[in-house]
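The file model.cif contains mmCIF, N, CA and C atoms:
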data_coords
#
loop_
_atom_site.group_PDB
_atom_site.id
_atom_site.type_symbol
_atom_site.label_atom_id
_atom_site.label_comp_id
_atom_site.auth_asym_id
_atom_site.auth_seq_id
_atom_site.Cartn_x
_atom_site.Cartn_y
_atom_site.Cartn_z
ATOM 1 N N MET A 1 141.930 110.821 93.559
ATOM 2 C CA MET A 1 140.745 110.660 92.731
ATOM 3 C C MET A 1 140.820 109.328 92.018
ATOM 4 N N GLY A 2 139.800 109.055 91.272
ATOM 5 C CA GLY A 2 139.664 107.695 90.788
ATOM 6 C C GLY A 2 139.970 107.416 89.349
ATOM 7 N N ARG A 3 139.449 106.322 89.002
ATOM 8 C CA ARG A 3 139.675 105.668 87.740
ATOM 9 C C ARG A 3 139.144 106.448 86.530
ATOM 10 N N ALA A 4 138.065 107.182 86.707
ATOM 11 C CA ALA A 4 137.445 107.887 85.576
ATOM 12 C C ALA A 4 138.394 108.904 84.961
ATOM 13 N N GLY A 5 139.085 109.667 85.797
ATOM 14 C CA GLY A 5 140.020 110.669 85.286
ATOM 15 C C GLY A 5 141.157 110.046 84.506
ATOM 16 N N LYS A 6 141.693 108.953 85.028
ATOM 17 C CA LYS A 6 142.781 108.255 84.333
ATOM 18 C C LYS A 6 142.296 107.721 82.991
ATOM 19 N N ALA A 7 141.106 107.128 82.995
ATOM 20 C CA ALA A 7 140.539 106.578 81.757
ATOM 21 C C ALA A 7 140.277 107.687 80.746
ATOM 22 N N LEU A 8 139.742 108.801 81.231
ATOM 23 C CA LEU A 8 139.448 109.925 80.342
ATOM 24 C C LEU A 8 140.731 110.490 79.748
ATOM 25 N N LYS A 9 141.731 110.685 80.587
ATOM 26 C CA LYS A 9 143.001 111.231 80.114
ATOM 27 C C LYS A 9 143.604 110.340 79.038
ATOM 28 N N GLN A 10 143.625 109.035 79.287
ATOM 29 C CA GLN A 10 144.223 108.112 78.320
ATOM 30 C C GLN A 10 143.437 108.094 77.010
ATOM 31 N N ALA A 11 142.112 108.074 77.095
ATOM 32 C CA ALA A 11 141.288 108.046 75.877
ATOM 33 C C ALA A 11 141.474 109.331 75.068
ATOM 34 N N LEU A 12 141.462 110.485 75.739
ATOM 35 C CA LEU A 12 141.620 111.746 75.015
ATOM 36 C C LEU A 12 143.000 111.852 74.377
ATOM 37 N N GLU A 13 144.026 111.453 75.116
ATOM 38 C CA GLU A 13 145.379 111.531 74.565
ATOM 39 C C GLU A 13 145.572 110.540 73.415
ATOM 40 N N THR A 14 145.074 109.326 73.566
ATOM 41 C CA THR A 14 145.223 108.306 72.528
ATOM 42 C C THR A 14 144.558 108.729 71.229
ATOM 43 N N TYR A 15 143.368 109.316 71.333
ATOM 44 C CA TYR A 15 142.609 109.680 70.134
ATOM 45 C C TYR A 15 142.745 111.168 69.789
ATOM 46 N N ARG A 16 143.674 111.838 70.466
ATOM 47 C CA ARG A 16 143.979 113.248 70.197
ATOM 48 C C ARG A 16 142.732 114.131 70.187
ATOM 49 N N ILE A 17 141.962 113.985 71.242
ATOM 50 C CA ILE A 17 140.764 114.799 71.422
ATOM 51 C C ILE A 17 141.093 115.827 72.506
ATOM 52 N N SER A 18 140.875 117.090 72.207
ATOM 53 C CA SER A 18 141.195 118.126 73.188
ATOM 54 C C SER A 18 140.137 118.166 74.285
ATOM 55 N N GLN A 19 140.564 118.657 75.427
ATOM 56 C CA GLN A 19 139.626 118.847 76.531
ATOM 57 C C GLN A 19 138.527 119.818 76.105
ATOM 58 N N ASN A 20 138.908 120.829 75.348
ATOM 59 C CA ASN A 20 137.935 121.819 74.890
ATOM 60 C C ASN A 20 136.889 121.187 73.969
ATOM 61 N N LYS A 21 137.331 120.321 73.072
ATOM 62 C CA LYS A 21 136.394 119.674 72.147
ATOM 63 C C LYS A 21 135.379 118.832 72.919
ATOM 64 N N LEU A 22 135.852 118.114 73.931
ATOM 65 C CA LEU A 22 134.927 117.322 74.749
ATOM 66 C C LEU A 22 133.993 118.235 75.524
ATOM 67 N N ALA A 23 134.525 119.311 76.088
ATOM 68 C CA ALA A 23 133.692 120.251 76.847
ATOM 69 C C ALA A 23 132.581 120.829 75.974
ATOM 70 N N VAL A 24 132.923 121.203 74.744
ATOM 71 C CA VAL A 24 131.919 121.745 73.820
ATOM 72 C C VAL A 24 130.853 120.691 73.525
ATOM 73 N N ALA A 25 131.282 119.456 73.280
ATOM 74 C CA ALA A 25 130.335 118.370 72.997
ATOM 75 C C ALA A 25 129.425 118.095 74.195
ATOM 76 N N LEU A 26 129.963 118.278 75.397
ATOM 77 C CA LEU A 26 129.173 118.058 76.612
ATOM 78 C C LEU A 26 128.318 119.266 76.982
ATOM 79 N N GLY A 27 128.673 120.438 76.441
ATOM 80 C CA GLY A 27 127.968 121.662 76.798
ATOM 81 C C GLY A 27 128.331 122.155 78.188
ATOM 82 N N VAL A 28 129.600 121.900 78.590
ATOM 83 C CA VAL A 28 130.074 122.344 79.907
ATOM 84 C C VAL A 28 131.312 123.220 79.729
ATOM 85 N N ASP A 29 131.665 123.912 80.782
ATOM 86 C CA ASP A 29 132.874 124.729 80.767
ATOM 87 C C ASP A 29 134.101 123.819 80.707
ATOM 88 N N ARG A 30 135.128 124.249 79.991
ATOM 89 C CA ARG A 30 136.339 123.451 79.846
ATOM 90 C C ARG A 30 136.992 123.141 81.185
ATOM 91 N N SER A 31 136.807 124.015 82.161
ATOM 92 C CA SER A 31 137.418 123.798 83.474
ATOM 93 C C SER A 31 136.892 122.528 84.146
ATOM 94 N N ILE A 32 135.678 122.153 83.842
ATOM 95 C CA ILE A 32 135.115 120.918 84.400
ATOM 96 C C ILE A 32 135.865 119.716 83.834
ATOM 97 N N VAL A 33 136.048 119.699 82.520
ATOM 98 C CA VAL A 33 136.790 118.607 81.881
ATOM 99 C C VAL A 33 138.236 118.619 82.378
ATOM 100 N N PHE A 34 138.821 119.799 82.542
ATOM 101 C CA PHE A 34 140.178 119.926 83.063
ATOM 102 C C PHE A 34 140.296 119.249 84.426
ATOM 103 N N ARG A 35 139.344 119.490 85.304
ATOM 104 C CA ARG A 35 139.393 118.901 86.648
ATOM 105 C C ARG A 35 139.254 117.380 86.608
ATOM 106 N N TRP A 36 138.429 116.859 85.702
ATOM 107 C CA TRP A 36 138.326 115.396 85.552
ATOM 108 C C TRP A 36 139.638 114.844 85.015
ATOM 109 N N PHE A 37 140.143 115.484 83.960
ATOM 110 C CA PHE A 37 141.353 115.051 83.261
ATOM 111 C C PHE A 37 142.549 114.989 84.210
ATOM 112 N N HIS A 38 142.641 115.962 85.098
ATOM 113 C CA HIS A 38 143.767 116.038 86.033
ATOM 114 C C HIS A 38 143.448 115.409 87.388
ATOM 115 N N GLU A 39 142.359 114.656 87.425
ATOM 116 C CA GLU A 39 141.950 113.893 88.605
ATOM 117 C C GLU A 39 141.781 114.759 89.855
ATOM 118 N N GLN A 40 141.312 115.989 89.659
ATOM 119 C CA GLN A 40 141.022 116.866 90.795
ATOM 120 C C GLN A 40 139.633 116.590 91.343
ATOM 121 N N THR A 41 138.719 116.192 90.445
ATOM 122 C CA THR A 41 137.366 115.775 90.827
ATOM 123 C C THR A 41 136.982 114.585 89.967
ATOM 124 N N ASP A 42 136.012 113.830 90.446
ATOM 125 C CA ASP A 42 135.500 112.697 89.679
ATOM 126 C C ASP A 42 134.163 113.076 89.049
ATOM 127 N N PRO A 43 133.936 112.668 87.806
ATOM 128 C CA PRO A 43 132.622 112.919 87.214
ATOM 129 C C PRO A 43 131.569 112.062 87.905
ATOM 130 N N SER A 44 130.353 112.576 87.970
ATOM 131 C CA SER A 44 129.242 111.812 88.552
ATOM 132 C C SER A 44 128.867 110.662 87.620
ATOM 133 N N GLY A 45 128.030 109.784 88.094
ATOM 134 C CA GLY A 45 127.547 108.680 87.258
ATOM 135 C C GLY A 45 126.850 109.199 86.006
ATOM 136 N N GLU A 46 126.038 110.241 86.181
ATOM 137 C CA GLU A 46 125.355 110.848 85.027
ATOM 138 C C GLU A 46 126.362 111.423 84.050
ATOM 139 N N ALA A 47 127.402 112.053 84.580
ATOM 140 C CA ALA A 47 128.419 112.654 83.719
ATOM 141 C C ALA A 47 129.173 111.588 82.941
ATOM 142 N N ILE A 48 129.396 110.417 83.546
ATOM 143 C CA ILE A 48 130.070 109.319 82.836
ATOM 144 C C ILE A 48 129.268 108.947 81.593
ATOM 145 N N VAL A 49 127.960 108.822 81.759
ATOM 146 C CA VAL A 49 127.090 108.495 80.617
ATOM 147 C C VAL A 49 127.181 109.591 79.561
ATOM 148 N N GLU A 50 127.178 110.849 79.992
ATOM 149 C CA GLU A 50 127.266 111.965 79.053
ATOM 150 C C GLU A 50 128.621 111.988 78.343
ATOM 151 N N ILE A 51 129.690 111.647 79.074
ATOM 152 C CA ILE A 51 131.023 111.588 78.466
ATOM 153 C C ILE A 51 131.054 110.531 77.363
ATOM 154 N N VAL A 52 130.518 109.357 77.656
ATOM 155 C CA VAL A 52 130.504 108.282 76.655
ATOM 156 C C VAL A 52 129.700 108.718 75.434
ATOM 157 N N THR A 53 128.558 109.317 75.654
ATOM 158 C CA THR A 53 127.715 109.780 74.540
ATOM 159 C C THR A 53 128.441 110.842 73.706
ATOM 160 N N ALA A 54 129.083 111.787 74.388
ATOM 161 C CA ALA A 54 129.823 112.847 73.673
ATOM 162 C C ALA A 54 130.986 112.261 72.893
ATOM 163 N N LEU A 55 131.715 111.352 73.520
ATOM 164 C CA LEU A 55 132.848 110.731 72.823
ATOM 165 C C LEU A 55 132.383 109.924 71.610
ATOM 166 N N LYS A 56 131.245 109.270 71.722
ATOM 167 C CA LYS A 56 130.709 108.534 70.562
ATOM 168 C C LYS A 56 130.480 109.471 69.386
ATOM 169 N N GLY A 57 130.032 110.682 69.680
ATOM 170 C CA GLY A 57 129.808 111.668 68.624
ATOM 171 C C GLY A 57 131.099 112.197 68.017
ATOM 172 N N ILE A 58 132.165 112.197 68.800
ATOM 173 C CA ILE A 58 133.460 112.693 68.326
ATOM 174 C C ILE A 58 134.241 111.584 67.638
ATOM 175 N N ASP A 59 134.355 110.447 68.324
ATOM 176 C CA ASP A 59 135.105 109.298 67.809
ATOM 177 C C ASP A 59 134.640 108.058 68.565
ATOM 178 N N PRO A 60 133.827 107.217 67.929
ATOM 179 C CA PRO A 60 133.305 106.031 68.611
ATOM 180 C C PRO A 60 134.386 105.137 69.223
ATOM 181 N N ALA A 61 135.547 105.076 68.599
ATOM 182 C CA ALA A 61 136.632 104.259 69.151
ATOM 183 C C ALA A 61 137.108 104.832 70.483
ATOM 184 N N ALA A 62 137.112 106.142 70.618
ATOM 185 C CA ALA A 62 137.515 106.782 71.867
ATOM 186 C C ALA A 62 136.505 106.469 72.975
ATOM 187 N N ALA A 63 135.231 106.467 72.618
ATOM 188 C CA ALA A 63 134.191 106.129 73.596
ATOM 189 C C ALA A 63 134.362 104.698 74.082
ATOM 190 N N LYS A 64 134.619 103.804 73.153
ATOM 191 C CA LYS A 64 134.813 102.398 73.509
ATOM 192 C C LYS A 64 136.038 102.235 74.412
ATOM 193 N N LYS A 65 137.112 102.929 74.083
ATOM 194 C CA LYS A 65 138.337 102.859 74.869
ATOM 195 C C LYS A 65 138.098 103.387 76.282
ATOM 196 N N PHE A 66 137.386 104.504 76.395
ATOM 197 C CA PHE A 66 137.083 105.071 77.703
ATOM 198 C C PHE A 66 136.312 104.058 78.558
ATOM 199 N N VAL A 67 135.300 103.446 77.982
ATOM 200 C CA VAL A 67 134.501 102.463 78.718
ATOM 201 C C VAL A 67 135.368 101.279 79.146
ATOM 202 N N GLU A 68 136.194 100.780 78.237
ATOM 203 C CA GLU A 68 137.078 99.659 78.570
ATOM 204 C C GLU A 68 138.038 100.021 79.694
ATOM 205 N N LEU A 69 138.623 101.205 79.625
ATOM 206 C CA LEU A 69 139.567 101.632 80.659
ATOM 207 C C LEU A 69 138.867 101.876 81.985
ATOM 208 N N TYR A 70 137.682 102.452 81.933
ATOM 209 C CA TYR A 70 136.947 102.788 83.153
ATOM 210 C C TYR A 70 136.383 101.552 83.837
ATOM 211 N N LEU A 71 135.792 100.669 83.059
ATOM 212 C CA LEU A 71 135.149 99.485 83.646
ATOM 213 C C LEU A 71 136.086 98.305 83.800
ATOM 214 N N GLY A 72 137.188 98.337 83.091
ATOM 215 C CA GLY A 72 138.212 97.299 83.244
ATOM 216 C C GLY A 72 137.713 95.884 83.155
ATOM 217 N N GLU A 73 137.884 95.163 84.264
ATOM 218 C CA GLU A 73 137.556 93.739 84.303
ATOM 219 C C GLU A 73 136.088 93.456 84.029
ATOM 220 N N LEU A 74 135.207 94.380 84.345
ATOM 221 C CA LEU A 74 133.779 94.159 84.123
ATOM 222 C C LEU A 74 133.487 93.951 82.637
ATOM 223 N N VAL A 75 134.151 94.710 81.791
ATOM 224 C CA VAL A 75 133.969 94.590 80.351
ATOM 225 C C VAL A 75 134.659 93.322 79.854
ATOM 226 N N GLU A 76 135.847 93.052 80.359
ATOM 227 C CA GLU A 76 136.606 91.887 79.918
ATOM 228 C C GLU A 76 135.886 90.582 80.238
ATOM 229 N N ASP A 77 135.182 90.529 81.386
ATOM 230 C CA ASP A 77 134.479 89.318 81.778
ATOM 231 C C ASP A 77 133.351 88.963 80.819
ATOM 232 N N GLU A 78 132.757 89.976 80.188
ATOM 233 C CA GLU A 78 131.633 89.751 79.287
ATOM 234 C C GLU A 78 132.065 89.244 77.915
ATOM 235 N N GLU A 79 133.323 89.412 77.584
ATOM 236 C CA GLU A 79 133.791 89.026 76.239
ATOM 237 C C GLU A 79 134.041 87.549 76.149
#

Using the file provided, produce a representation of the structure as structure tokens.
Amino acid sequence: MGRAGKALKQALETYRISQNKLAVALGVDRSIVFRWFHEQTDPSGEAIVEIVTALKGIDPAAAKKFVELYLGELVEDEE
């Protein structure tokens, strides 16, 4: 699986956000977040946007970190 799961795992662990807390903010079952977190499935493009929005509501720094980790060089080039 891809980059999104790795980015999500690192952002959640860094900012101590539980998978359950993100799942509640997203309005999805925790098992969905579990599968992303453990890189069993990749979130869709729409889900990426929803993850960023949910993380902004929980901790804006975590949302920013997720985007930086997920987009990598694309974000760095703009700075």

>> Can you spell out as a list in words the set of residues that the PyMOL selection byres (((chain A and resi 52-65 and name CA) around 10) and name CA) selects in the structure I just provided?
In response: Ala7, Leu8, Gln10, Ala11, Leu12, Glu13, Thr14, Tyr15, Arg16, Ile17, Lys21, Leu22, Ala23, Val24, Ala25, Leu26, Gly27, Ala47, Ile48, Val49, Glu50, Ile51, Phe66, Val67, Glu68, Leu69, Tyr70 and Leu71 of chain A

The distance between CA of Gly2 (chain A) and atom C of Trp36 (chain A) is 9.2 Å

Exercise. Could you give me the residues within chain A that DSSP places in alpha helix (DSSP H), as a count of residues only?
Key: 60

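Note that atom N of Leu74 (chain A) and atom N of Gln19 (chain A) are 26.4 Å apart.
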
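Distance-wise, atom C of Asp29 (chain A) and atom N of Ala4 (chain A) end up 18.1 Å apart.
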
The PyMOL selection byres ((chain A and resi 38-40) around 7) on the file shown: which residues, as a PyMOL selection string? chain A and resi 1-2+5-6+9+33-37+41-42

To test the calculation: enclose all listed atoms of region 37-49 of chain A in a box whose edges run along x, y and z, add 4 Å on each side, then state centre and edge lengths in Å to one decimal, as AutoDock Vina command-line options.
--center_x 134.6 --center_y 112.7 --center_z 85.5 --size_x 26.4 --size_y 16.4 --size_z 19.8

Please output region 15-26 of chain A, rebuilt to include all heavy atoms, as a compact mmCIF listing (two decimals), in the coordinates of the input.
# COMPACT_ATOMS: atom_id res chain seq x y z
N TYR A 15 143.37 109.32 71.33
CA TYR A 15 142.61 109.68 70.13
C TYR A 15 142.74 111.17 69.79
O TYR A 15 142.02 111.67 68.94
CB TYR A 15 141.14 109.26 70.30
CG TYR A 15 141.04 107.75 70.29
CD1 TYR A 15 141.10 107.03 71.47
CD2 TYR A 15 140.98 107.04 69.10
CE1 TYR A 15 141.06 105.64 71.47
CE2 TYR A 15 140.94 105.67 69.09
CZ TYR A 15 140.98 104.96 70.28
OH TYR A 15 140.95 103.59 70.27
N ARG A 16 143.67 111.84 70.47
CA ARG A 16 143.98 113.25 70.20
C ARG A 16 142.73 114.13 70.19
O ARG A 16 142.50 114.92 69.26
CB ARG A 16 144.75 113.39 68.89
CG ARG A 16 146.09 112.69 68.99
CD ARG A 16 146.90 112.83 67.76
NE ARG A 16 148.15 112.09 67.98
CZ ARG A 16 149.04 111.88 67.07
NH1 ARG A 16 148.86 112.34 65.85
NH2 ARG A 16 150.14 111.21 67.35
N ILE A 17 141.96 113.98 71.24
CA ILE A 17 140.76 114.80 71.42
C ILE A 17 141.09 115.83 72.51
O ILE A 17 141.54 115.46 73.59
CB ILE A 17 139.56 113.93 71.85
CG1 ILE A 17 139.24 112.90 70.76
CG2 ILE A 17 138.35 114.81 72.15
CD1 ILE A 17 138.28 111.82 71.19
N SER A 18 140.88 117.09 72.21
CA SER A 18 141.20 118.13 73.19
C SER A 18 140.14 118.17 74.28
O SER A 18 138.98 117.78 74.08
CB SER A 18 141.29 119.50 72.52
OG SER A 18 140.01 119.94 72.11
N GLN A 19 140.56 118.66 75.43
CA GLN A 19 139.63 118.85 76.53
C GLN A 19 138.53 119.82 76.10
O GLN A 19 137.36 119.63 76.45
CB GLN A 19 140.35 119.39 77.75
CG GLN A 19 141.34 118.43 78.35
CD GLN A 19 142.16 119.07 79.45
OE1 GLN A 19 141.63 119.84 80.26
NE2 GLN A 19 143.45 118.78 79.49
N ASN A 20 138.91 120.83 75.35
CA ASN A 20 137.94 121.82 74.89
C ASN A 20 136.89 121.19 73.97
O ASN A 20 135.70 121.48 74.09
CB ASN A 20 138.64 122.97 74.18
CG ASN A 20 137.69 124.11 73.91
OD1 ASN A 20 137.13 124.68 74.83
ND2 ASN A 20 137.49 124.42 72.63
N LYS A 21 137.33 120.32 73.07
CA LYS A 21 136.39 119.67 72.15
C LYS A 21 135.38 118.83 72.92
O LYS A 21 134.18 118.86 72.61
CB LYS A 21 137.16 118.80 71.14
CG LYS A 21 136.28 118.23 70.06
CD LYS A 21 137.10 117.62 68.95
CE LYS A 21 136.21 117.29 67.77
NZ LYS A 21 136.98 116.94 66.59
N LEU A 22 135.85 118.11 73.93
CA LEU A 22 134.93 117.32 74.75
C LEU A 22 133.99 118.24 75.52
O LEU A 22 132.79 117.97 75.60
CB LEU A 22 135.70 116.39 75.69
CG LEU A 22 134.82 115.54 76.62
CD1 LEU A 22 133.89 114.64 75.82
CD2 LEU A 22 135.70 114.71 77.55
N ALA A 23 134.52 119.31 76.09
CA ALA A 23 133.69 120.25 76.85
C ALA A 23 132.58 120.83 75.97
O ALA A 23 131.43 120.92 76.40
CB ALA A 23 134.55 121.37 77.43
N VAL A 24 132.92 121.20 74.74
CA VAL A 24 131.92 121.74 73.82
C VAL A 24 130.85 120.69 73.53
O VAL A 24 129.65 120.98 73.55
CB VAL A 24 132.58 122.25 72.51
CG1 VAL A 24 131.55 122.55 71.45
CG2 VAL A 24 133.44 123.48 72.81
N ALA A 25 131.28 119.46 73.28
CA ALA A 25 130.34 118.37 73.00
C ALA A 25 129.43 118.10 74.19
O ALA A 25 128.26 117.73 74.02
CB ALA A 25 131.09 117.10 72.60
N LEU A 26 129.96 118.28 75.40
CA LEU A 26 129.17 118.06 76.61
C LEU A 26 128.32 119.27 76.98
O LEU A 26 127.39 119.15 77.78
CB LEU A 26 130.10 117.74 77.80
CG LEU A 26 130.78 116.39 77.79
CD1 LEU A 26 131.89 116.35 78.84
CD2 LEU A 26 129.76 115.29 78.05
